[in-house]
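**Q** Below is one structure. I have some questions about it.
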Amino acid sequence: MDDRIIRNANKIVIKVGSSTLTSKDGTIDKDFLENFILQVKTLMEQGKKIIIVSSGARIAGVATLGKWSRQQDIHYKQALCSIGQVELMDSYRRIFNKHGIHVGQILLTKEDFDHSERTLNIRNTLFTLIDEGVVPIVNENDTISVDEIKIGDNDMLAAYTTVVWGGELLTILSDIEGIYNCNPSENEDACLIDVVEDVDKLEDEISIGETSSFGTGGIKTKLKAAKMVNAYGIPMIVAHGKTKDIITQISAGEKKGTLFLPRNA
Ligand code: ADP
């Protein structure tokens, strides 16, 4: 992977998956969050502008309440997200504040991206927050998102956000080093794919297995997100979120992930 990708990008969207954000017991992984936020701070000190797209509200809700984890009723699921979102933002806020950085919460639905006026408002708010040194933290607004109007996974929410903002790079932090030719949890010989220049071709060539228990989107939605941002000339990286200093390490060429390069790059 070309290690200049992160170094050259000034506007970066970073998506954090549920399995990256949480520990095995389902609580928010504070060690991960401390290290992740330190990396964001370092990037900001280098003059980069950052937006975070964060999953994890539902799991944080379960961890906070200690019940409803098996509830299938949509209203309970939404209630869990509403409880967990507070917990999630509180965790981000506390750690960012230690570094003197403020955060802003933005909750979005698919409909917001379908209306030009709303999209413009999202854009303006993002620009204002970022101009003032505040880190926007975006999540789907689960309270009003039923299946029919859901973006459904934060990989795509991150892709929409990157495009609307005019981001220069989308980085997806997952529980896996990148995209493999087959599911590494089922195949010992799975090989990590370094660079992808044609997502359609890749889809035909690899086999996609089950996601982890906490994951929602899986590899399919990551490929869909890559297609979307690549179509706008924006590269995307999938990398292992829990590896310490992963973003810094990738930009130093010390760790790998999968890089999706737009064809005109
Ligand atoms: P996240 O919560 O970060 O969005 P997911 O759990 O939804 O992540 O998706 C990542 C998981 O997808 C990996 O942990 C892995 O088990 C599974 N997976 C299935 N097929 C593949 C593949 N070809 N390459 C990489 N991971 C795969």
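Identifiers in this document derive from the order of the structure tokens: chains are assigned A, B, ..., residues are numbered from 1 separately in each chain, and ligands are numbered from 1 in order of occurrence.
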Could the residues that lie within 9 Å of ligand 1, counting only C-alpha atoms and all ligand atoms, be listed as number ranges by chain?
**A** A: 15-21, 55-56, 153-155, 172-186, 190-193, 206-222, 238, 240-241
**Q** Check the DSSP output for the backbone and give back, as a ChimeraX atom specification, the residues of stretch 125-158 of chain A in alpha helix (DSSP H).
**A** /A:125-131,154-158
**Q** May I have the residues from that selection written out with all heavy atoms, as a tab-separated table (two decimals), in the first residue's frame?
**A**
chain	number	residue	atom	x	y	z
A	125	THR	N	-22.75	22.70	8.70
A	125	THR	CA	-22.44	22.44	10.12
A	125	THR	C	-21.08	21.76	10.25
A	125	THR	O	-20.29	22.12	11.13
A	125	THR	CB	-23.55	21.57	10.76
A	125	THR	OG1	-24.81	22.16	10.49
A	125	THR	CG2	-23.35	21.43	12.26
A	126	LEU	N	-20.83	20.81	9.36
A	126	LEU	CA	-19.53	20.13	9.41
A	126	LEU	C	-18.39	21.14	9.22
A	126	LEU	O	-17.42	21.15	9.98
A	126	LEU	CB	-19.44	19.06	8.31
A	126	LEU	CG	-20.28	17.78	8.52
A	126	LEU	CD1	-20.23	16.90	7.28
A	126	LEU	CD2	-19.77	17.00	9.73
A	127	PHE	N	-18.53	21.99	8.22
A	127	PHE	CA	-17.49	22.99	7.95
A	127	PHE	C	-17.29	23.92	9.15
A	127	PHE	O	-16.16	24.22	9.52
A	127	PHE	CB	-17.85	23.82	6.70
A	127	PHE	CG	-17.37	23.17	5.42
A	127	PHE	CD1	-18.25	22.47	4.61
A	127	PHE	CD2	-16.05	23.24	5.05
A	127	PHE	CE1	-17.81	21.85	3.44
A	127	PHE	CE2	-15.60	22.64	3.87
A	127	PHE	CZ	-16.49	21.94	3.07
A	128	THR	N	-18.40	24.35	9.75
A	128	THR	CA	-18.28	25.29	10.88
A	128	THR	C	-17.57	24.62	12.05
A	128	THR	O	-16.64	25.18	12.64
A	128	THR	CB	-19.69	25.77	11.33
A	128	THR	OG1	-20.36	26.26	10.18
A	128	THR	CG2	-19.61	26.84	12.38
A	129	LEU	N	-18.01	23.41	12.39
A	129	LEU	CA	-17.38	22.70	13.51
A	129	LEU	C	-15.88	22.55	13.26
A	129	LEU	O	-15.05	22.88	14.12
A	129	LEU	CB	-18.01	21.30	13.68
A	129	LEU	CG	-19.42	21.23	14.25
A	129	LEU	CD1	-19.98	19.82	14.11
A	129	LEU	CD2	-19.42	21.64	15.73
A	130	ILE	N	-15.56	22.09	12.06
A	130	ILE	CA	-14.15	21.78	11.76
A	130	ILE	C	-13.31	23.06	11.71
A	130	ILE	O	-12.19	23.09	12.23
A	130	ILE	CB	-14.06	20.95	10.47
A	130	ILE	CG1	-14.61	19.56	10.76
A	130	ILE	CG2	-12.62	20.85	9.97
A	130	ILE	CD1	-15.01	18.77	9.58
A	131	ASP	N	-13.88	24.12	11.13
A	131	ASP	CA	-13.15	25.41	11.10
A	131	ASP	C	-12.82	25.87	12.51
A	131	ASP	O	-11.82	26.55	12.74
A	131	ASP	CB	-14.00	26.49	10.43
A	131	ASP	CG	-13.95	26.36	8.92
A	131	ASP	OD1	-13.14	25.55	8.42
A	131	ASP	OD2	-14.74	27.05	8.24
A	154	ASN	N	-22.84	1.78	9.14
A	154	ASN	CA	-22.05	3.00	9.18
A	154	ASN	C	-20.96	3.06	8.14
A	154	ASN	O	-20.36	4.12	7.94
A	154	ASN	CB	-21.50	3.20	10.59
A	154	ASN	CG	-22.53	3.85	11.50
A	154	ASN	OD1	-23.62	4.24	11.02
A	154	ASN	ND2	-22.22	3.99	12.77
A	155	ASP	N	-20.67	1.95	7.44
A	155	ASP	CA	-19.72	2.03	6.33
A	155	ASP	C	-20.28	2.98	5.27
A	155	ASP	O	-19.60	3.86	4.77
A	155	ASP	CB	-19.47	0.65	5.71
A	155	ASP	CG	-18.82	-0.30	6.70
A	155	ASP	OD1	-18.01	0.17	7.51
A	155	ASP	OD2	-19.14	-1.51	6.67
A	156	MET	N	-21.57	2.79	4.96
A	156	MET	CA	-22.21	3.64	3.95
A	156	MET	C	-22.44	5.05	4.49
A	156	MET	O	-22.28	6.02	3.77
A	156	MET	CB	-23.52	3.03	3.46
A	156	MET	CG	-23.34	1.94	2.43
A	156	MET	SD	-22.23	2.41	1.07
A	156	MET	CE	-23.25	3.55	0.16
A	157	LEU	N	-22.80	5.16	5.77
A	157	LEU	CA	-22.96	6.50	6.36
A	157	LEU	C	-21.63	7.27	6.25
A	157	LEU	O	-21.62	8.45	5.92
A	157	LEU	CB	-23.39	6.38	7.82
A	157	LEU	CG	-23.49	7.69	8.61
A	157	LEU	CD1	-24.53	8.63	8.00
A	157	LEU	CD2	-23.83	7.43	10.08
A	158	ALA	N	-20.54	6.55	6.49
A	158	ALA	CA	-19.21	7.19	6.40
A	158	ALA	C	-18.92	7.59	4.95
A	158	ALA	O	-18.35	8.66	4.70
A	158	ALA	CB	-18.14	6.23	6.91
**Q** Could you go through stretch 12-128 of chain A and tell me which residues DSSP, when run on the backbone, assigns to strand (DSSP E), listing them as a list in words?
**A**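 DSSP on the backbone gives strand (DSSP E) at Ile12, Val13, Ile14, Lys15, Val16, Lys49, Ile50, Ile51, Ile52, Val53, Ser54, Val103, Gly104, Gln105, Ile106, Leu107 and Leu108 of chain A.
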**Q** Go ahead and save the picked residues with C-alpha atoms, as a short mmCIF file (atom, residue, chain, number, x, y, z; two decimals), in the first residue's frame.
**A**
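Now in out.cif:
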data_model
loop_
_atom_site.label_atom_id
_atom_site.label_comp_id
_atom_site.auth_asym_id
_atom_site.auth_seq_id
_atom_site.Cartn_x
_atom_site.Cartn_y
_atom_site.Cartn_z
CA ILE A 12 -10.03 12.47 6.54
CA VAL A 13 -13.18 10.65 7.64
CA ILE A 14 -12.48 7.81 10.08
CA LYS A 15 -15.17 5.20 10.69
CA VAL A 16 -14.98 3.10 13.84
CA LYS A 49 -9.19 17.90 9.45
CA ILE A 50 -11.00 14.91 10.89
CA ILE A 51 -14.57 13.63 11.06
CA ILE A 52 -15.37 10.49 13.06
CA VAL A 53 -18.23 8.19 12.13
CA SER A 54 -18.83 5.98 15.14
CA VAL A 103 -16.66 17.26 20.00
CA GLY A 104 -19.99 17.78 18.27
CA GLN A 105 -22.64 15.12 17.72
CA ILE A 106 -24.37 14.75 14.34
CA LEU A 107 -27.13 12.16 13.97
CA LEU A 108 -28.25 11.51 10.40
#
**Q** Nearest residue to A:Ala57 out of A:Gln39, A:Thr243, A:Ser91, A:Asn230, using only C-alpha atoms?
**A** A:Ser91
**Q** Could you name the residues that touch A:Ala60 at 10 Å or less, counting only C-alpha atoms, but leaving out those on the same chain fewer than 6 positions away, as a count of residues only?
**A** 16
**Q** Select, from A:Ala225, A:Leu120, A:Val195, A:Ile247, the residue with the minimum atom-to-atom distance to A:Met1, counting only C-alpha atoms.
**A**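 Using only C-alpha atoms, the shortest distance to A:Met1 belongs to A:Val195.
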**Q** As a list in words, please: the residues near A:Lys67 (cut-off 12 Å, only C-alpha atoms, same-chain neighbours under 2 positions excluded).
**A**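 Close residues of A:Lys67: Gly26, Arg58, Ile59, Ala60, Gly61, Val62, Ala63, Thr64, Leu65, Ser69, Arg70, Gln71, Tyr76, Lys77, Ala79, Leu80 and Ile83 of chain A.
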**Q** Just to be explicit: take each residue in the selection above, keep N, CA, C and O atoms, and write the result as a PDB file, in the first residue's frame.
**A**
ATOM      1  N   GLY A  26     -18.556  -6.338  25.815  1.00  0.00           N
ATOM      2  CA  GLY A  26     -19.574  -5.433  25.269  1.00  0.00           C
ATOM      3  C   GLY A  26     -19.496  -4.002  25.794  1.00  0.00           C
ATOM      4  O   GLY A  26     -20.228  -3.137  25.336  1.00  0.00           O
ATOM      5  N   ARG A  58     -25.811   0.863  20.209  1.00  0.00           N
ATOM      6  CA  ARG A  58     -26.661  -0.217  20.723  1.00  0.00           C
ATOM      7  C   ARG A  58     -25.910  -1.058  21.759  1.00  0.00           C
ATOM      8  O   ARG A  58     -26.436  -1.366  22.833  1.00  0.00           O
ATOM      9  N   ILE A  59     -24.667  -1.398  21.439  1.00  0.00           N
ATOM     10  CA  ILE A  59     -23.870  -2.206  22.374  1.00  0.00           C
ATOM     11  C   ILE A  59     -23.633  -1.421  23.666  1.00  0.00           C
ATOM     12  O   ILE A  59     -23.735  -1.964  24.762  1.00  0.00           O
ATOM     13  N   ALA A  60     -23.352  -0.126  23.511  1.00  0.00           N
ATOM     14  CA  ALA A  60     -23.147   0.701  24.711  1.00  0.00           C
ATOM     15  C   ALA A  60     -24.432   0.758  25.536  1.00  0.00           C
ATOM     16  O   ALA A  60     -24.387   0.775  26.771  1.00  0.00           O
ATOM     17  N   GLY A  61     -25.581   0.733  24.856  1.00  0.00           N
ATOM     18  CA  GLY A  61     -26.874   0.730  25.555  1.00  0.00           C
ATOM     19  C   GLY A  61     -27.052  -0.539  26.365  1.00  0.00           C
ATOM     20  O   GLY A  61     -27.459  -0.505  27.534  1.00  0.00           O
ATOM     21  N   VAL A  62     -26.722  -1.667  25.758  1.00  0.00           N
ATOM     22  CA  VAL A  62     -26.829  -2.958  26.454  1.00  0.00           C
ATOM     23  C   VAL A  62     -25.886  -2.967  27.660  1.00  0.00           C
ATOM     24  O   VAL A  62     -26.262  -3.373  28.771  1.00  0.00           O
ATOM     25  N   ALA A  63     -24.654  -2.485  27.444  1.00  0.00           N
ATOM     26  CA  ALA A  63     -23.673  -2.488  28.535  1.00  0.00           C
ATOM     27  C   ALA A  63     -24.128  -1.580  29.680  1.00  0.00           C
ATOM     28  O   ALA A  63     -23.915  -1.894  30.852  1.00  0.00           O
ATOM     29  N   THR A  64     -24.775  -0.471  29.341  1.00  0.00           N
ATOM     30  CA  THR A  64     -25.229   0.464  30.377  1.00  0.00           C
ATOM     31  C   THR A  64     -26.390  -0.106  31.179  1.00  0.00           C
ATOM     32  O   THR A  64     -26.395  -0.079  32.406  1.00  0.00           O
ATOM     33  N   LEU A  65     -27.363  -0.660  30.453  1.00  0.00           N
ATOM     34  CA  LEU A  65     -28.576  -1.152  31.119  1.00  0.00           C
ATOM     35  C   LEU A  65     -28.414  -2.552  31.703  1.00  0.00           C
ATOM     36  O   LEU A  65     -29.036  -2.898  32.685  1.00  0.00           O
ATOM     37  N   SER A  69     -30.626  -7.162  25.645  1.00  0.00           N
ATOM     38  CA  SER A  69     -29.702  -7.504  24.562  1.00  0.00           C
ATOM     39  C   SER A  69     -30.356  -8.407  23.520  1.00  0.00           C
ATOM     40  O   SER A  69     -29.970  -8.395  22.356  1.00  0.00           O
ATOM     41  N   ARG A  70     -31.336  -9.211  23.931  1.00  0.00           N
ATOM     42  CA  ARG A  70     -31.985 -10.112  22.977  1.00  0.00           C
ATOM     43  C   ARG A  70     -33.321  -9.583  22.465  1.00  0.00           C
ATOM     44  O   ARG A  70     -34.038 -10.266  21.760  1.00  0.00           O
ATOM     45  N   GLN A  71     -33.680  -8.390  22.860  1.00  0.00           N
ATOM     46  CA  GLN A  71     -34.958  -7.827  22.427  1.00  0.00           C
ATOM     47  C   GLN A  71     -34.992  -7.667  20.905  1.00  0.00           C
ATOM     48  O   GLN A  71     -34.094  -7.064  20.332  1.00  0.00           O
ATOM     49  N   TYR A  76     -37.554  -1.300  21.246  1.00  0.00           N
ATOM     50  CA  TYR A  76     -36.544  -1.557  22.272  1.00  0.00           C
ATOM     51  C   TYR A  76     -35.136  -1.352  21.717  1.00  0.00           C
ATOM     52  O   TYR A  76     -34.257  -0.819  22.376  1.00  0.00           O
ATOM     53  N   LYS A  77     -34.954  -1.791  20.447  1.00  0.00           N
ATOM     54  CA  LYS A  77     -33.634  -1.597  19.821  1.00  0.00           C
ATOM     55  C   LYS A  77     -33.320  -0.105  19.728  1.00  0.00           C
ATOM     56  O   LYS A  77     -32.209   0.328  20.015  1.00  0.00           O
ATOM     57  N   ALA A  79     -34.645   2.248  21.572  1.00  0.00           N
ATOM     58  CA  ALA A  79     -34.470   2.768  22.932  1.00  0.00           C
ATOM     59  C   ALA A  79     -33.043   2.485  23.429  1.00  0.00           C
ATOM     60  O   ALA A  79     -32.406   3.339  24.054  1.00  0.00           O
ATOM     61  N   LEU A  80     -32.539   1.292  23.094  1.00  0.00           N
ATOM     62  CA  LEU A  80     -31.172   0.939  23.488  1.00  0.00           C
ATOM     63  C   LEU A  80     -30.165   1.902  22.865  1.00  0.00           C
ATOM     64  O   LEU A  80     -29.224   2.353  23.519  1.00  0.00           O
ATOM     65  N   ILE A  83     -30.163   5.243  24.606  1.00  0.00           N
ATOM     66  CA  ILE A  83     -29.426   5.218  25.884  1.00  0.00           C
ATOM     67  C   ILE A  83     -27.918   5.144  25.616  1.00  0.00           C
ATOM     68  O   ILE A  83     -27.121   5.870  26.193  1.00  0.00           O
TER      69      ILE A  83
END
